[in-house]
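The data block below is my_file-v5.csv; it holds CSV, C-alpha atoms.
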```
chain,number,residue,atom,x,y,z
A,5,MET,CA,101.1,70.8,88.8
A,6,THR,CA,99.4,73.8,90.4
A,7,ARG,CA,96.0,74.9,89.1
A,8,ILE,CA,94.9,78.5,88.9
A,9,GLY,CA,91.5,79.8,88.0
A,10,LEU,CA,90.8,83.0,86.1
A,11,VAL,CA,87.6,84.9,85.6
A,12,VAL,CA,87.6,88.2,83.8
A,13,ASN,CA,84.9,90.8,83.8
A,14,PRO,CA,85.5,92.1,80.3
A,15,VAL,CA,83.7,95.5,80.9
A,16,ALA,CA,85.3,96.3,84.2
A,17,GLY,CA,86.8,99.8,84.2
A,18,LEU,CA,85.3,100.6,80.8
A,19,GLY,CA,84.0,103.9,81.9
A,20,GLY,CA,87.1,105.1,83.7
A,21,ARG,CA,88.9,107.2,81.1
A,22,VAL,CA,85.7,108.6,79.6
A,23,GLY,CA,84.6,109.9,83.0
A,24,LEU,CA,81.7,107.6,83.7
A,25,GLY,CA,83.0,106.0,86.9
A,26,GLY,CA,82.0,102.3,87.2
A,27,THR,CA,80.2,100.5,84.3
A,28,ASP,CA,77.5,98.7,86.3
A,29,GLY,CA,74.4,98.3,84.1
A,30,ARG,CA,74.0,97.9,80.4
A,31,GLU,CA,73.1,101.5,79.7
A,32,ARG,CA,76.2,102.9,81.2
A,33,ARG,CA,78.3,100.3,79.4
A,34,HIS,CA,76.8,101.3,76.0
A,35,ARG,CA,77.4,104.9,76.8
A,36,ALA,CA,81.0,104.3,77.6
A,37,LEU,CA,81.5,102.5,74.3
A,38,ALA,CA,79.8,105.3,72.4
A,39,LEU,CA,82.2,107.8,74.0
A,40,GLY,CA,85.1,105.8,72.6
A,41,ALA,CA,86.0,103.7,75.7
A,42,ARG,CA,88.3,100.7,75.0
A,43,PRO,CA,88.1,97.6,77.2
A,44,LEU,CA,91.3,97.1,79.2
A,45,ALA,CA,90.4,94.3,81.6
A,46,GLY,CA,91.6,91.5,79.3
A,47,GLU,CA,95.0,93.3,78.8
A,48,ARG,CA,95.5,93.8,82.5
A,49,ALA,CA,94.6,90.2,83.3
A,50,ALA,CA,97.1,89.0,80.6
A,51,ALA,CA,99.8,91.3,82.2
A,52,ALA,CA,99.3,89.5,85.5
A,53,LEU,CA,99.6,86.1,83.9
A,54,ARG,CA,102.7,87.1,82.0
A,55,GLU,CA,104.4,88.1,85.2
A,56,LEU,CA,103.4,84.8,86.8
A,57,ARG,CA,104.7,82.9,83.8
A,58,GLU,CA,108.1,84.7,83.9
A,59,LEU,CA,108.5,83.7,87.5
A,60,ARG,CA,107.8,80.0,87.0
A,61,ALA,CA,111.4,79.0,86.4
A,62,GLY,CA,112.5,80.1,89.9
A,63,SER,CA,114.2,83.4,89.0
A,64,GLY,CA,112.5,85.1,91.9
A,65,VAL,CA,110.5,88.2,91.1
A,66,GLY,CA,110.8,90.0,87.8
A,67,ALA,CA,112.5,93.3,87.2
A,68,GLY,CA,110.6,96.3,88.6
A,69,ALA,CA,108.7,94.2,91.1
A,70,GLY,CA,108.7,97.1,93.6
A,71,ALA,CA,109.4,97.6,97.3
A,72,GLY,CA,109.3,94.4,99.4
A,73,ALA,CA,109.1,92.1,96.4
A,74,GLY,CA,112.3,90.3,97.3
A,75,ALA,CA,110.3,88.3,99.8
A,76,LEU,CA,108.3,86.7,96.9
A,77,GLY,CA,110.9,84.5,95.4
A,78,GLY,CA,110.6,80.7,94.8
A,79,ALA,CA,110.3,78.4,91.9
A,80,VAL,CA,106.8,78.3,90.3
A,81,ALA,CA,106.0,75.6,87.8
A,82,GLU,CA,103.8,76.8,84.9
A,83,PRO,CA,100.2,76.3,86.2
A,84,GLU,CA,97.2,74.8,84.5
A,85,VAL,CA,94.8,77.7,84.0
A,86,VAL,CA,91.1,76.9,84.3
A,87,THR,CA,88.9,79.7,82.9
A,88,ALA,CA,85.9,80.8,81.0
A,89,ALA,CA,85.6,81.2,77.2
A,90,GLY,CA,86.6,84.3,75.2
A,91,ALA,CA,86.9,87.7,76.9
A,92,MET,CA,85.9,86.2,80.2
A,93,GLY,CA,89.3,84.6,80.5
A,94,ALA,CA,90.6,82.4,77.7
A,95,ASP,CA,91.7,85.4,75.5
A,96,SER,CA,93.8,86.7,78.3
A,97,VAL,CA,95.4,83.3,79.0
A,98,ALA,CA,96.3,83.0,75.3
A,99,ALA,CA,97.7,86.6,75.2
A,100,ALA,CA,100.0,85.6,78.1
A,101,GLY,CA,101.3,82.6,76.2
A,102,LEU,CA,99.6,80.0,78.4
A,103,THR,CA,97.1,77.3,77.7
A,104,ALA,CA,93.5,77.6,78.9
A,105,ARG,CA,91.2,74.8,79.9
A,106,VAL,CA,87.7,76.3,79.4
A,107,VAL,CA,85.0,75.2,81.8
A,108,TYR,CA,82.4,77.8,81.2
A,109,VAL,CA,81.0,79.4,78.0
A,110,PRO,CA,78.8,82.5,78.3
A,111,GLY,CA,75.4,82.5,76.6
A,112,ALA,CA,74.9,83.8,73.1
A,113,GLY,CA,75.6,87.4,72.3
A,114,ASP,CA,78.4,89.9,72.8
A,115,GLU,CA,77.6,91.0,76.3
A,116,THR,CA,78.2,89.3,79.6
A,117,SER,CA,76.4,89.9,82.9
A,118,ALA,CA,76.8,89.5,86.6
A,119,GLU,CA,75.0,86.1,86.2
A,120,ASP,CA,77.8,85.0,83.8
A,121,THR,CA,80.4,86.0,86.4
A,122,LEU,CA,78.6,84.0,89.1
A,123,ALA,CA,78.3,81.0,86.9
A,124,ALA,CA,81.9,81.2,85.7
A,125,VAL,CA,83.3,81.5,89.2
A,126,ARG,CA,81.3,78.5,90.4
A,127,ALA,CA,82.4,76.4,87.4
A,128,VAL,CA,86.1,77.3,87.8
A,129,VAL,CA,86.2,76.8,91.6
A,130,ALA,CA,84.5,73.4,91.2
A,131,GLU,CA,87.7,72.3,89.4
A,132,GLY,CA,89.7,72.5,92.7
A,133,VAL,CA,91.9,75.5,91.9
A,134,ASP,CA,94.7,76.6,94.2
A,135,LEU,CA,94.0,80.2,93.6
A,136,LEU,CA,91.2,82.1,91.9
A,137,LEU,CA,92.3,85.3,90.0
A,138,LEU,CA,89.4,87.7,89.4
A,139,ALA,CA,90.0,90.5,87.0
A,140,GLY,CA,87.6,93.3,87.7
A,141,GLY,CA,86.6,95.9,90.2
A,142,ASP,CA,84.6,96.1,93.4
A,143,GLY,CA,81.4,94.9,91.7
A,144,THR,CA,83.2,91.8,90.4
A,145,ALA,CA,84.6,91.2,93.9
A,146,ARG,CA,81.1,91.3,95.2
A,147,ASP,CA,80.0,88.8,92.6
A,148,VAL,CA,82.8,86.5,93.6
A,149,LEU,CA,81.8,86.8,97.2
A,150,THR,CA,78.2,85.8,96.3
A,151,ALA,CA,79.3,82.9,94.0
A,152,LEU,CA,81.6,81.3,96.6
A,153,ASP,CA,78.8,81.5,99.3
A,154,GLY,CA,81.0,80.0,102.0
A,155,VAL,CA,83.2,77.8,99.8
A,156,HIS,CA,86.8,78.3,100.9
A,157,CYS,CA,89.0,79.2,98.0
A,158,PRO,CA,92.0,81.6,98.0
A,159,VAL,CA,91.2,84.7,95.9
A,160,LEU,CA,93.3,87.5,94.4
A,161,GLY,CA,92.1,90.4,92.4
A,162,VAL,CA,93.8,91.8,89.3
A,163,PRO,CA,92.8,95.5,89.4
A,164,THR,CA,90.8,96.4,86.3
A,165,GLY,CA,87.9,98.4,87.6
A,166,VAL,CA,87.6,102.1,88.4
A,167,LYS,CA,87.3,102.6,92.1
A,168,MET,CA,88.6,99.4,93.7
A,169,HIS,CA,88.0,100.2,97.4
A,170,SER,CA,88.3,96.5,98.3
A,171,ALA,CA,91.4,95.0,99.9
A,172,VAL,CA,91.4,91.9,97.6
A,173,PHE,CA,93.4,93.4,94.7
A,174,GLY,CA,97.1,93.5,93.9
A,175,VAL,CA,98.4,97.1,93.7
A,176,SER,CA,98.9,96.6,89.9
A,177,PRO,CA,98.5,93.7,87.4
A,178,ARG,CA,102.2,92.8,87.7
A,179,ALA,CA,102.0,92.8,91.5
A,180,ALA,CA,99.0,90.4,91.3
A,181,GLY,CA,101.2,88.1,89.2
A,182,GLN,CA,104.0,88.3,91.7
A,183,VAL,CA,101.6,87.5,94.6
A,184,ALA,CA,100.1,84.6,92.7
A,185,ALA,CA,103.6,83.2,92.0
A,186,ALA,CA,104.5,83.5,95.7
A,187,TRP,CA,101.3,81.7,96.8
A,188,LEU,CA,101.7,78.9,94.2
A,189,ALA,CA,105.3,78.4,95.2
A,190,ARG,CA,104.0,77.0,98.5
A,191,SER,CA,107.0,78.3,100.3
A,192,GLY,CA,105.0,78.7,103.5
A,193,SER,CA,106.1,82.3,103.9
A,194,VAL,CA,102.8,83.6,102.4
A,195,ARG,CA,99.6,83.0,104.4
A,196,LEU,CA,96.0,83.9,103.8
A,197,ARG,CA,94.2,86.8,105.5
A,198,ASP,CA,90.5,87.8,105.4
A,199,ALA,CA,90.4,90.8,103.1
A,200,GLU,CA,87.5,93.3,103.0
A,201,VAL,CA,85.2,93.4,100.0
A,202,MET,CA,84.0,97.0,99.8
A,203,ASP,CA,82.0,99.1,97.3
A,204,ARG,CA,81.0,102.8,97.2
A,205,ASP,CA,78.0,103.6,99.2
A,206,GLU,CA,75.6,105.3,96.7
A,207,ASP,CA,73.3,106.7,99.4
A,208,GLU,CA,76.3,108.5,101.0
A,209,LEU,CA,77.4,109.7,97.6
A,210,ARG,CA,74.0,111.2,96.9
A,211,ALA,CA,74.3,113.1,100.2
A,212,GLY,CA,77.6,114.6,99.0
A,213,ARG,CA,80.0,112.2,100.9
A,214,VAL,CA,82.4,109.5,99.6
A,215,ALA,CA,82.1,106.4,101.8
A,216,SER,CA,82.4,102.7,101.3
A,217,ARG,CA,80.2,99.9,102.4
A,218,LEU,CA,81.5,96.5,103.7
A,219,TYR,CA,80.0,93.4,102.0
A,220,GLY,CA,82.1,90.7,103.4
A,221,TRP,CA,85.6,89.1,103.4
A,222,LEU,CA,87.5,86.9,101.0
A,223,PRO,CA,90.7,84.9,101.8
A,224,VAL,CA,93.6,86.6,100.0
A,225,PRO,CA,97.4,85.9,100.1
A,226,ASP,CA,98.9,88.3,102.6
A,227,VAL,CA,101.6,90.2,100.9
A,228,PRO,CA,101.2,93.7,102.4
A,229,VAL,CA,103.3,95.7,99.9
A,230,ARG,CA,101.9,94.0,96.8
A,231,VAL,CA,98.2,93.7,97.9
A,232,GLN,CA,96.4,97.0,98.4
A,233,GLN,CA,94.7,98.1,101.6
A,234,ARG,CA,91.0,98.9,101.7
A,235,LYS,CA,89.8,102.4,101.3
A,236,THR,CA,89.2,104.2,104.6
A,237,GLY,CA,87.1,107.3,105.1
A,238,SER,CA,88.8,110.6,105.3
A,239,THR,CA,87.8,114.2,105.9
A,240,ALA,CA,89.0,117.3,104.1
A,241,GLY,CA,90.8,118.4,107.1
A,242,ALA,CA,90.7,121.6,109.2
A,243,PRO,CA,89.7,124.8,107.3
A,244,GLU,CA,93.0,126.5,108.1
A,245,SER,CA,94.9,123.5,106.7
A,246,VAL,CA,92.8,123.3,103.5
A,247,GLY,CA,93.0,127.1,103.1
A,248,GLY,CA,96.8,127.0,103.3
A,249,ILE,CA,96.9,124.2,100.7
A,250,ALA,CA,94.6,126.3,98.4
A,251,ALA,CA,96.8,129.4,98.8
A,252,GLU,CA,99.9,127.4,98.0
A,253,VAL,CA,98.2,125.9,94.9
A,254,ALA,CA,97.0,129.3,93.7
A,255,GLU,CA,100.5,130.7,94.0
A,256,ARG,CA,102.1,127.9,92.0
A,257,VAL,CA,99.5,127.8,89.3
A,258,GLY,CA,99.3,131.6,88.9
A,259,ASP,CA,97.2,132.6,85.9
A,260,GLY,CA,96.5,129.2,84.4
A,261,LEU,CA,94.4,126.0,84.3
A,262,LEU,CA,94.2,123.5,87.1
A,263,ALA,CA,92.8,120.0,86.7
A,264,LEU,CA,91.5,118.7,90.1
A,265,GLY,CA,91.2,115.0,90.7
A,266,PRO,CA,88.2,113.6,92.8
A,267,GLY,CA,88.0,113.4,96.5
A,268,SER,CA,87.1,115.3,99.7
A,269,THR,CA,90.4,117.1,100.0
A,270,THR,CA,90.5,118.4,96.4
A,271,ARG,CA,86.8,119.5,96.6
A,272,ALA,CA,87.6,121.4,99.8
A,273,VAL,CA,90.6,123.1,98.2
A,274,ALA,CA,88.4,124.1,95.2
A,275,ALA,CA,85.9,125.6,97.7
A,276,ALA,CA,88.7,127.6,99.3
A,277,LEU,CA,89.6,128.8,95.8
A,278,GLY,CA,85.9,129.9,95.3
A,279,ALA,CA,84.7,127.1,93.1
A,280,ASP,CA,82.2,124.2,93.5
A,281,VAL,CA,83.4,121.0,91.8
A,282,SER,CA,82.1,117.5,91.5
A,283,LEU,CA,83.0,115.0,94.2
A,284,THR,CA,83.9,111.9,92.1
A,285,GLY,CA,84.9,113.5,88.8
A,286,VAL,CA,87.8,115.5,87.3
A,287,ASP,CA,87.2,119.2,86.9
A,288,VAL,CA,89.3,122.0,85.4
A,289,LEU,CA,89.5,125.4,87.0
A,290,ALA,CA,90.7,128.6,85.5
A,291,LEU,CA,92.7,130.5,88.2
A,292,ARG,CA,93.5,134.2,88.1
A,293,PRO,CA,95.3,136.0,90.9
A,294,GLY,CA,92.8,138.0,93.0
A,295,HIS,CA,89.7,136.4,91.5
A,296,PRO,CA,87.6,133.3,92.5
A,297,ALA,CA,88.4,130.2,90.5
A,298,GLU,CA,86.1,129.5,87.5
A,299,VAL,CA,85.0,126.0,86.6
A,300,VAL,CA,85.7,125.6,82.8
A,301,LEU,CA,85.2,121.9,82.6
A,302,ARG,CA,83.1,119.7,84.9
A,303,ASP,CA,83.4,116.0,85.3
A,304,GLY,CA,85.5,115.6,82.1
A,305,GLY,CA,86.9,112.5,80.5
A,306,GLU,CA,90.3,112.0,78.9
A,307,ASP,CA,89.5,113.6,75.6
A,308,ALA,CA,87.9,116.7,77.2
A,309,LEU,CA,90.9,117.1,79.5
A,310,LEU,CA,93.3,117.0,76.5
A,311,ALA,CA,91.1,119.5,74.6
A,312,ALA,CA,91.1,121.9,77.6
A,313,GLY,CA,94.8,122.6,77.0
A,314,PRO,CA,97.9,122.4,79.2
A,315,CYS,CA,96.9,122.1,82.8
A,316,TRP,CA,98.5,121.8,86.2
A,317,ILE,CA,97.2,118.6,87.8
A,318,ALA,CA,96.3,118.4,91.5
A,319,LEU,CA,95.6,115.1,93.2
A,320,SER,CA,95.1,113.8,96.7
A,321,PRO,CA,95.8,110.2,97.6
A,322,ILE,CA,93.0,107.8,98.6
A,323,GLY,CA,92.6,107.5,102.3
A,324,GLY,CA,94.0,104.2,103.7
A,325,GLN,CA,95.2,103.0,100.3
A,326,GLY,CA,97.6,105.7,99.3
A,327,PHE,CA,96.8,105.5,95.6
A,328,LEU,CA,97.6,108.7,93.8
A,329,LEU,CA,96.9,107.6,90.2
A,330,GLY,CA,95.0,104.6,88.8
A,331,ARG,CA,92.1,104.4,91.3
A,332,GLY,CA,89.0,106.5,90.5
A,333,ASN,CA,90.8,109.0,88.4
A,334,GLN,CA,91.6,107.1,85.2
A,335,GLN,CA,90.5,110.2,83.2
A,336,ILE,CA,93.9,111.5,84.1
A,337,SER,CA,95.5,109.1,81.7
A,338,PRO,CA,99.1,108.7,80.6
A,339,ARG,CA,98.2,110.9,77.6
A,340,VAL,CA,96.8,113.6,79.9
A,341,LEU,CA,99.8,113.4,82.2
A,342,ARG,CA,102.3,113.7,79.5
A,343,ALA,CA,100.5,116.6,77.8
A,344,ALA,CA,100.5,118.4,81.1
A,345,GLY,CA,104.3,118.0,81.5
A,346,GLY,CA,104.6,115.0,83.8
A,347,ARG,CA,105.8,115.3,87.3
A,348,GLU,CA,106.9,118.9,86.9
A,349,ARG,CA,103.2,120.0,86.7
A,350,LEU,CA,101.8,117.4,89.2
A,351,LEU,CA,100.7,118.8,92.6
A,352,VAL,CA,100.1,116.3,95.4
A,353,LEU,CA,97.7,117.7,98.0
A,354,CYS,CA,97.3,116.1,101.4
A,355,THR,CA,96.8,117.2,105.0
A,356,GLU,CA,99.4,116.2,107.5
A,357,GLN,CA,96.9,114.1,109.3
A,358,LYS,CA,95.9,112.1,106.2
A,359,LEU,CA,99.6,111.7,105.3
A,360,ALA,CA,100.4,110.4,108.8
A,361,SER,CA,97.6,107.9,108.6
A,362,LEU,CA,99.5,106.0,105.9
A,363,GLY,CA,102.0,104.9,108.5
A,364,GLY,CA,105.0,105.5,106.2
A,365,ARG,CA,103.6,103.4,103.4
A,366,PRO,CA,104.4,105.0,100.0
A,367,LEU,CA,102.0,106.7,97.7
A,368,LEU,CA,101.1,104.3,94.8
A,369,LEU,CA,100.9,104.5,91.0
A,370,ASP,CA,99.0,102.3,88.6
A,371,THR,CA,98.6,104.3,85.4
A,372,GLY,CA,98.8,101.3,83.1
A,373,ASP,CA,101.9,102.7,81.4
A,374,GLU,CA,105.1,101.3,83.0
A,375,ALA,CA,107.4,103.8,81.4
A,376,LEU,CA,105.4,106.7,82.7
A,377,ASP,CA,105.1,105.1,86.2
A,378,ALA,CA,108.9,104.9,86.2
A,379,GLU,CA,109.2,108.6,85.3
A,380,LEU,CA,106.8,109.6,88.0
A,381,ALA,CA,108.2,107.4,90.7
A,382,GLY,CA,110.5,108.7,93.3
A,383,HIS,CA,110.2,111.4,96.0
A,384,LEU,CA,107.7,114.2,95.3
A,385,PRO,CA,106.8,117.2,97.4
A,386,VAL,CA,103.4,116.9,99.0
A,387,ILE,CA,101.7,120.2,99.7
A,388,THR,CA,100.4,120.0,103.3
A,389,GLY,CA,99.8,123.8,103.9
A,390,ARG,CA,100.9,127.3,103.1
A,391,ARG,CA,104.6,127.1,102.3
A,392,ARG,CA,104.6,123.6,103.8
A,393,THR,CA,105.7,120.5,102.0
A,394,SER,CA,106.8,117.0,102.8
A,395,LEU,CA,108.9,114.9,100.6
A,396,TYR,CA,107.2,111.6,100.2
A,397,ARG,CA,107.9,108.4,98.1
A,398,LEU,CA,105.8,107.6,95.1
A,399,THR,CA,106.1,104.0,93.7
A,400,THR,CA,104.3,101.2,91.8
```
Show the structure stored in the file as C-alpha cells.
Amino acid sequence: MTRIGLVVNPVAGLGGRVGLGGTDGRERRHRALALGARPLAGERAAAALRELRELRAGSGVGAGAGAGAGALGGAVAEPEVVTAAGAMGADSVAAAGLTARVVYVPGAGDETSAEDTLAAVRAVVAEGVDLLLLAGGDGTARDVLTALDGVHCPVLGVPTGVKMHSAVFGVSPRAAGQVAAAWLARSGSVRLRDAEVMDRDEDELRAGRVASRLYGWLPVPDVPVRVQQRKTGSTAGAPESVGGIAAEVAERVGDGLLALGPGSTTRAVAAALGADVSLTGVDVLALRPGHPAEVVLRDGGEDALLAAGPCWIALSPIGGQGFLLGRGNQQISPRVLRAAGGRERLLVLCTEQKLASLGGRPLLLDTGDEALDAELAGHLPVITGRRRTSLYRLTT
C-alpha cells in the first residue's frame, strides 16, 4: 500500500475573491471573513483526492485531464492518507470518500497558524509518506520548506492560494490528483525535479513593481504539462506596443466599462488610456471615445465587480506561467465572468515578446468552475498591438 500525506492550510486563498490578495496574518483573515469570503482550500484539496481515487483502478487519467495527460496512466491502489485533524486535512479526505489516519491535532480554538502547518508537516512526514500533498499557496509552500529542513520527501502542491508564484503546484486541483496518481503508480516514467519555492517580494511591490523572491527548492514529480512553471518577471513592453494594444482595446470597448486584471501589462495599458490603476488589484474603467479613461472602481472584489454592471474584461497572462485566470485575479470569479458575457467579452492582452516567452505552452485556466473552464477553453484572439492579434490556445 502506498502512503500519501496531506496538509491543508484552511485559510489559503480566503482573500482572493474579496480583493484582499493573500491572507497572511490574523487581521487580514478576519477582514476577509467579514467581507463574506468563503474558505475554498478544503474543497480544492478534496477535488485533488477524488481525482486520485478515480484513477486507482488503473483506468489511466480521468476525463478532461488536459493536454499531455495521456502519459500519466497506470494502476494506482487506493492509498493510505496520513493527515491532520479537521480542516487541516481530515475533512478533505472524508469529502473525497477516503479514510484518514490523523497524526496531528491543532491546538484549541477555531484558527490555525503557520506553527500548526509546521507541526502538521513534520508529524505527517515522520510517518514515511511516499508523497506529501500541500493544499495552500506560496506562504504554505514556504512553511513546508521550513518544516522539512533538509528531509527528503516528494512534495506536490494543490493550488488553493491567491498568487502561487512557486513551481510546486499542479495547474489545478484535478491536475494535482493526476500527478499524484502517476507518481504513486511507480511506473518509472515520472521523476523528481527541484522546483522553486517563490513568494511575492513586498519591498518591490511597495516600489511599484511586481517581483518574486526565491526561498528554496522542493522535490516535485516532474510532469511539465500538469505542474505549473514558476512566475518569471516581465515588463510592460515597448511604449508603441502597449499604445497599440490600448488603442485596440478602446475601439473594441467603445463607450462602456472595462474591468482590468492585475499586472504590469494591464497597468501600462491603463496608463496609455489615461488612467492610473492598482498594480495587484482589479479596477474598472469607464471609457468614452475621445476622453481619458476614468477609474470608477479601484481594487474591487467579486461583489463590487458584479455591482459595477456589465463590463468587458481585459487580462494579461502571468509571465512564465501563462495563467490567465485563477492566479492572483480570483475577484474575476465565475459569477463575474458569466455576468460579463463569457468569452465574447474577454480581451486577452499580451505583447508579442511576452507571448513568445511561453515557448508555445498554452494559456491556462483554473477558475474553480469546470463547466465555465470548458466554455472558455479553445483558441482565443490575443491582442498584441493595433489591429494585431494572434490566435492562442487556452486550456485547463
Residue contacts of A:Gly23 (6 Å, all atoms listed in the file) excluding same-chain residues fewer than 3 positions away, as a ChimeraX atom specification: /A:20,304-305,335
Spatial neighbours of A:Ala45, max dist 7 Å, only C-alpha atoms, sep filter under 6 positions, as a compact mmCIF listing (two decimals) with C-alpha atoms, keeping the file's coordinate frame:
```
# COMPACT_ATOMS: atom_id res chain seq x y z
CA ASN A 13 84.90 90.80 83.80
CA PRO A 14 85.50 92.10 80.30
CA VAL A 15 83.70 95.50 80.90
CA ALA A 16 85.30 96.30 84.20
CA ALA A 139 90.00 90.50 87.00
CA GLY A 140 87.60 93.30 87.70
CA THR A 164 90.80 96.40 86.30
```
Straight-line distance linking atom CA of A:Glu356 with atom CA of A:Ala318, stated in Å to one decimal: 16.4 Å
Top pick for closest residue to A:Arg331, considering A:Ala254, A:Leu59, A:Val166, A:Val109 and counting only C-alpha atoms: A:Val166
Close residues, A:Arg390 itself excluded, 8 Å, only C-alpha atoms, min 6 positions apart in chain, as a VMD selection string: chain A and resid 245 247 to 252
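Among A:Gly25, A:Gly326, A:Gly285, A:Gly9, the residue with the shortest atom-to-atom distance to A:Ala184, counting all atoms listed in the file, is A:Gly9.
Residue neighbourhood of A:Ala88, excluding near-sequence residues (fewer than 4 positions): Leu10, Val11, Met92, Gly93, Ala94, Val106, Val107, Tyr108, Val109, Pro110, Ala124 and Val128 of chain A, at 8 Å, using all atoms listed in the file.
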10 Å contact set for A:Thr6, all atoms listed in the file, chain neighbours under 4 positions out, as a list in words: Val80, Ala81, Glu82, Pro83, Glu84, Val85, Val133, Asp134, Leu135, Leu188, Ala189 and Arg190 of chain A
Å distance separating atom CA of A:Gln232 from atom CA of A:Thr388, one decimal place: 23.9 Å
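For the set A:Ala311, A:Ala99, A:Ala378, A:Leu283, the residue with the smallest atom-to-atom gap to A:Gly267 is A:Leu283, counting only C-alpha atoms.
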Interatomic distance (Å, one decimal) between atom CA of A:Pro225 and atom CA of A:Gly192: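 Taking atom CA of A:Pro225 as the start and atom CA of A:Gly192 as the end point, the length is 11.0 Å.
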Which of A:Thr355, A:Thr284, A:Ser361, A:Gln233 sits closest to A:Asn333 [using all atoms listed in the file]: A:Thr284
Selected residue, from A:Ala274, A:Val229, A:Ile317, A:Leu368, that lies nearest to A:Leu262 when counting only C-alpha atoms: A:Ile317
Selected residue, from A:Arg230, A:Leu160, A:Arg347, A:Ser282, that lies nearest to A:Val175 when counting all atoms listed in the file: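 Smallest distance to A:Val175 is found for A:Arg230.
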Export N, CA, C and O atoms of stretch 117-130 of chain A from the structure just given, as a compact mmCIF listing (two decimals), in the first residue's frame?
```txt
# COMPACT_ATOMS: atom_id res chain seq x y z
N SER A 117 -2.47 28.29 12.56
CA SER A 117 -1.38 29.22 12.34
C SER A 117 -0.28 28.55 11.53
O SER A 117 -0.34 27.34 11.25
N ALA A 118 0.73 29.34 11.18
CA ALA A 118 1.89 28.78 10.49
C ALA A 118 2.56 27.71 11.36
O ALA A 118 3.07 26.71 10.84
N GLU A 119 2.52 27.91 12.66
CA GLU A 119 3.12 26.91 13.57
C GLU A 119 2.37 25.59 13.46
O GLU A 119 2.98 24.51 13.55
N ASP A 120 1.05 25.63 13.28
CA ASP A 120 0.29 24.40 13.08
C ASP A 120 0.71 23.71 11.79
O ASP A 120 0.83 22.47 11.74
N THR A 121 0.91 24.49 10.73
CA THR A 121 1.34 23.90 9.46
C THR A 121 2.69 23.22 9.63
O THR A 121 2.90 22.09 9.17
N LEU A 122 3.63 23.89 10.29
CA LEU A 122 4.96 23.31 10.51
C LEU A 122 4.85 21.99 11.29
O LEU A 122 5.45 20.97 10.90
N ALA A 123 4.07 22.02 12.36
CA ALA A 123 3.93 20.81 13.19
C ALA A 123 3.23 19.70 12.44
O ALA A 123 3.61 18.52 12.54
N ALA A 124 2.20 20.04 11.67
CA ALA A 124 1.47 19.02 10.92
C ALA A 124 2.35 18.38 9.86
O ALA A 124 2.34 17.15 9.68
N VAL A 125 3.11 19.18 9.14
CA VAL A 125 4.00 18.64 8.10
C VAL A 125 5.01 17.69 8.73
O VAL A 125 5.24 16.58 8.22
N ARG A 126 5.61 18.08 9.83
CA ARG A 126 6.61 17.22 10.47
C ARG A 126 6.00 15.91 10.96
O ARG A 126 6.60 14.84 10.81
N ALA A 127 4.79 15.98 11.51
CA ALA A 127 4.14 14.78 12.01
C ALA A 127 3.77 13.84 10.86
O ALA A 127 3.93 12.61 10.97
N VAL A 128 3.28 14.41 9.76
CA VAL A 128 2.87 13.59 8.62
C VAL A 128 4.08 12.95 7.95
O VAL A 128 4.09 11.74 7.65
N VAL A 129 5.11 13.72 7.71
CA VAL A 129 6.30 13.21 7.02
C VAL A 129 7.01 12.15 7.86
O VAL A 129 7.61 11.21 7.33
N ALA A 130 6.93 12.27 9.19
CA ALA A 130 7.56 11.28 10.07
C ALA A 130 6.97 9.89 9.90
O ALA A 130 7.59 8.89 10.28
```
